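Colleague: For reference, the file start.csv (CSV, C-alpha atoms and all ligand atoms) is included below:
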chain,number,residue,atom,x,y,z
D,20,MET,CA,86.3,101.0,108.6
D,21,ALA,CA,87.2,97.3,108.1
D,22,ARG,CA,90.6,96.2,109.2
D,23,SER,CA,92.3,94.1,106.6
D,24,ASN,CA,91.8,90.4,107.1
D,25,ARG,CA,94.8,88.4,106.7
D,26,PRO,CA,94.1,84.9,105.4
D,27,LYS,CA,94.5,82.5,108.2
D,28,GLY,CA,94.7,78.7,108.1
D,29,ARG,CA,97.2,78.7,105.2
D,30,LYS,CA,98.5,75.3,104.6
D,31,GLN,CA,102.0,74.7,105.8
D,32,GLN,CA,104.2,73.9,102.8
D,33,PRO,CA,107.8,73.5,103.6
D,34,ASP,CA,109.1,74.7,100.3
D,35,ASP,CA,106.5,77.5,99.9
D,36,ASP,CA,108.8,80.4,100.8
D,37,GLY,CA,111.7,79.3,98.7
D,38,ASP,CA,109.4,78.9,95.7
D,39,LEU,CA,107.8,82.2,96.2
D,40,SER,CA,111.0,84.3,96.5
D,41,HIS,CA,112.3,82.5,93.4
D,42,LEU,CA,109.2,83.4,91.6
D,43,LEU,CA,109.3,87.1,92.7
D,44,ASP,CA,112.9,87.3,91.6
D,45,GLY,CA,111.8,86.1,88.2
D,46,TRP,CA,108.9,88.6,87.9
D,47,ARG,CA,110.9,91.6,88.8
D,48,ARG,CA,112.2,93.5,85.8
D,49,SER,CA,114.1,96.7,85.3
D,50,GLU,CA,113.0,99.6,83.1
D,51,VAL,CA,114.9,102.7,82.0
D,52,ARG,CA,112.7,105.8,82.2
D,53,ARG,CA,113.3,109.4,81.4
D,54,ASP,CA,114.0,109.9,85.2
D,55,GLY,CA,116.3,107.0,85.6
D,56,LEU,CA,116.3,103.3,86.2
D,57,TRP,CA,113.4,101.6,88.0
D,58,HIS,CA,112.7,98.1,89.2
D,59,VAL,CA,109.1,97.0,88.5
D,60,GLN,CA,107.2,94.1,89.8
D,61,PRO,CA,103.7,93.2,88.8
D,62,ILE,CA,101.3,92.4,91.7
D,63,PRO,CA,98.6,89.9,90.6
D,64,ALA,CA,95.1,90.5,91.8
D,65,VAL,CA,95.2,87.6,94.2
D,66,GLN,CA,98.2,89.1,96.1
D,67,SER,CA,96.7,92.6,96.3
D,68,SER,CA,94.9,92.8,99.7
D,69,LYS,CA,95.3,96.4,100.6
D,70,THR,CA,94.4,99.8,99.2
D,71,TYR,CA,97.2,101.8,97.8
D,72,LEU,CA,97.4,105.4,96.5
D,73,CYS,CA,98.6,105.6,93.0
D,74,PRO,CA,101.1,108.4,92.5
D,75,GLY,CA,100.2,108.6,88.8
D,76,CYS,CA,96.5,109.6,89.1
D,77,ARG,CA,96.3,110.1,92.9
D,78,LEU,CA,93.4,107.7,93.1
D,79,ASP,CA,93.1,104.5,95.2
D,80,ILE,CA,94.1,101.1,93.9
D,81,ALA,CA,91.4,98.9,95.4
D,82,PRO,CA,92.2,95.5,96.9
D,83,GLY,CA,92.0,92.7,94.4
D,84,ILE,CA,93.2,94.8,91.5
D,85,ALA,CA,96.3,93.7,89.6
D,86,HIS,CA,98.8,96.5,89.6
D,87,MET,CA,102.5,97.3,89.6
D,88,VAL,CA,105.0,98.1,92.3
D,89,ALA,CA,108.0,100.2,91.3
D,90,TRP,CA,111.2,101.5,93.1
D,91,ARG,CA,114.3,103.3,91.9
D,92,GLY,CA,117.2,101.2,90.7
D,93,ASP,CA,119.8,104.0,90.8
D,94,GLY,CA,119.2,105.6,94.2
D,95,VAL,CA,122.2,106.7,96.2
D,96,LEU,CA,120.9,105.3,99.4
D,97,GLY,CA,121.1,101.7,98.2
D,98,ASP,CA,118.6,99.0,97.3
D,99,ALA,CA,117.0,98.6,100.8
D,100,ALA,CA,116.2,102.3,101.0
D,101,ASP,CA,114.8,102.3,97.5
D,102,LEU,CA,112.8,99.2,98.2
D,103,SER,CA,111.3,100.8,101.3
D,104,ASN,CA,110.3,103.8,99.2
D,105,ARG,CA,108.5,101.6,96.6
D,106,ARG,CA,105.2,102.9,95.2
D,107,HIS,CA,102.2,101.1,93.9
D,108,TRP,CA,100.9,102.2,90.5
D,109,HIS,CA,97.9,101.3,88.4
D,110,THR,CA,99.3,99.3,85.5
D,111,HIS,CA,98.2,101.8,82.9
D,112,CYS,CA,99.4,104.8,85.0
D,113,TRP,CA,102.9,103.3,85.1
D,114,ARG,CA,102.8,102.7,81.4
D,115,ILE,CA,102.1,106.4,80.7
D,116,LYS,CA,104.3,107.8,83.4
D,201,ZN,ZN,96.7,105.5,88.8
For this file, write the structure as structure tokens.
Ligand SMILES: [Zn+2]
Modeller:
Amino acid sequence: MARSNRPKGRKQQPDDDGDLSHLLDGWRRSEVRRDGLWHVQPIPAVQSSKTYLCPGCRLDIAPGIAHMVAWRGDGVLGDAADLSNRRHWHTHCWRIK
């Protein structure tokens, strides 16, 4: 089984992190579902480097597949706990959830 290869030799760009977090903040959106409020963030294919198990269809989300990550927005344990319990979904599985 191959271990995940993290890209090495990334160019050092001083304002990279700032730009990225700003971008991620912009991408995140909230959705009200039958079971409550969720925060949803699309993961583009280039940023998907691991295999995740989709809770919708219980199948793998292969690396390199654009998908969604979702976490509760109304949990009683707070944002950090909800964020650590985030789940990765196939885009279409999230839509039909
Ligand atoms: Zn799925």
Colleague: When distances are computed from all atoms listed in the file, which of D:Val65, D:Cys73, D:Leu78, D:Ala100 shows the smallest separation from Trp113 of chain D?
Modeller: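 Ranking D:Val65, D:Cys73, D:Leu78, D:Ala100 by distance to Trp113 of chain D, first place goes to D:Cys73.
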Colleague: So which residues are near ligand ZN 201 (chain D), meaning at most 8 Å away with all atoms listed in the file counted, given back as a PyMOL selection string?
Modeller: chain D and resi 72-80+108-113
Colleague: From the options D:Ile115, D:Pro63, D:Thr70, D:Gly55, which residue's atoms come nearest to Met87 of chain D, counting all atoms listed in the file?
Modeller: D:Pro63
Colleague: In Å, how far is it from atom CA of Asp101 of chain D to atom CA of Arg47 of chain D?
Modeller: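 These atoms are spaced 14.3 Å apart.
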Colleague: Grab the atom CA of Ala99 of chain D to atom CA of Ser67 of chain D distance for me, in Å with one decimal place.
Modeller: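 Going from atom CA of Ala99 of chain D over to atom CA of Ser67 of chain D covers 21.6 Å.
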Colleague: Which value, in Å to one decimal, gives the distance between atom CA of Ala85 of chain D and atom CA of Lys69 of chain D?
Modeller: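 Straight-line distance from atom CA of Ala85 of chain D to atom CA of Lys69 of chain D works out to 11.4 Å.
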Colleague: Taking only C-alpha atoms into account, name the residue in D:Arg114, D:Ala81, D:His107, D:Val88 that is nearest to Arg48 of chain D.
Modeller: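 Comparing D:Arg114, D:Ala81, D:His107, D:Val88 against Arg48 of chain D, the winner is D:Val88.
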Colleague: Select, from D:Ser103, D:Gly92, D:Gly83, D:Gly97, the residue with the minimum atom-to-atom distance to Leu56 of chain D, counting only C-alpha atoms.
Modeller: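 With only C-alpha atoms as the atom set, the closest residue is D:Gly92.
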Colleague: For Glu50 of chain D, which of D:Leu102, D:Leu96, D:Ile62, D:Ala89 is the closest residue, counting only C-alpha atoms?
Modeller: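 Answer, going by the shortest atom-to-atom distance: D:Ala89.
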Colleague: So, with only C-alpha atoms as the atoms that count, which of D:Asp54, D:Gly94, D:Ile84, D:Ser49 lies closest to Ser68 of chain D?
Modeller: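 Closest to Ser68 of chain D of all the choices is D:Ile84.
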Colleague: Could segment 94-106 of chain D be completed with N, CA and C atoms and returned as an mmCIF file, keeping the file's coordinate frame?
Modeller:
data_model
loop_
_atom_site.group_PDB
_atom_site.id
_atom_site.type_symbol
_atom_site.label_atom_id
_atom_site.label_comp_id
_atom_site.auth_asym_id
_atom_site.auth_seq_id
_atom_site.Cartn_x
_atom_site.Cartn_y
_atom_site.Cartn_z
ATOM 1 N N GLY D 94 119.138 104.742 93.046
ATOM 2 C CA GLY D 94 119.200 105.600 94.200
ATOM 3 C C GLY D 94 120.535 105.576 94.904
ATOM 4 N N VAL D 95 120.917 106.686 95.524
ATOM 5 C CA VAL D 95 122.200 106.700 96.200
ATOM 6 C C VAL D 95 122.217 106.094 97.544
ATOM 7 N N LEU D 96 121.026 105.832 98.073
ATOM 8 C CA LEU D 96 120.900 105.300 99.400
ATOM 9 C C LEU D 96 120.964 103.774 99.454
ATOM 10 N N GLY D 97 120.950 103.164 98.263
ATOM 11 C CA GLY D 97 121.100 101.700 98.200
ATOM 12 C C GLY D 97 119.717 101.041 98.004
ATOM 13 N N ASP D 98 119.803 99.759 97.692
ATOM 14 C CA ASP D 98 118.600 99.000 97.300
ATOM 15 C C ASP D 98 117.570 98.935 98.421
ATOM 16 N N ALA D 99 118.008 98.722 99.674
ATOM 17 C CA ALA D 99 117.000 98.600 100.800
ATOM 18 C C ALA D 99 116.233 99.838 100.949
ATOM 19 N N ALA D 100 116.895 101.002 100.886
ATOM 20 C CA ALA D 100 116.200 102.300 101.000
ATOM 21 C C ALA D 100 115.234 102.495 99.880
ATOM 22 N N ASP D 101 115.690 102.175 98.678
ATOM 23 C CA ASP D 101 114.800 102.300 97.500
ATOM 24 C C ASP D 101 113.606 101.429 97.606
ATOM 25 N N LEU D 102 113.867 100.215 98.071
ATOM 26 C CA LEU D 102 112.800 99.200 98.200
ATOM 27 C C LEU D 102 111.755 99.707 99.203
ATOM 28 N N SER D 103 112.206 100.327 100.283
ATOM 29 C CA SER D 103 111.300 100.800 101.300
ATOM 30 C C SER D 103 110.488 102.006 100.812
ATOM 31 N N ASN D 104 110.964 102.634 99.771
ATOM 32 C CA ASN D 104 110.300 103.800 99.200
ATOM 33 C C ASN D 104 109.467 103.384 97.939
ATOM 34 N N ARG D 105 109.227 102.105 97.791
ATOM 35 C CA ARG D 105 108.500 101.600 96.600
ATOM 36 C C ARG D 105 107.107 102.206 96.567
ATOM 37 N N ARG D 106 106.586 102.360 95.392
ATOM 38 C CA ARG D 106 105.200 102.900 95.200
ATOM 39 C C ARG D 106 104.413 101.935 94.380
#
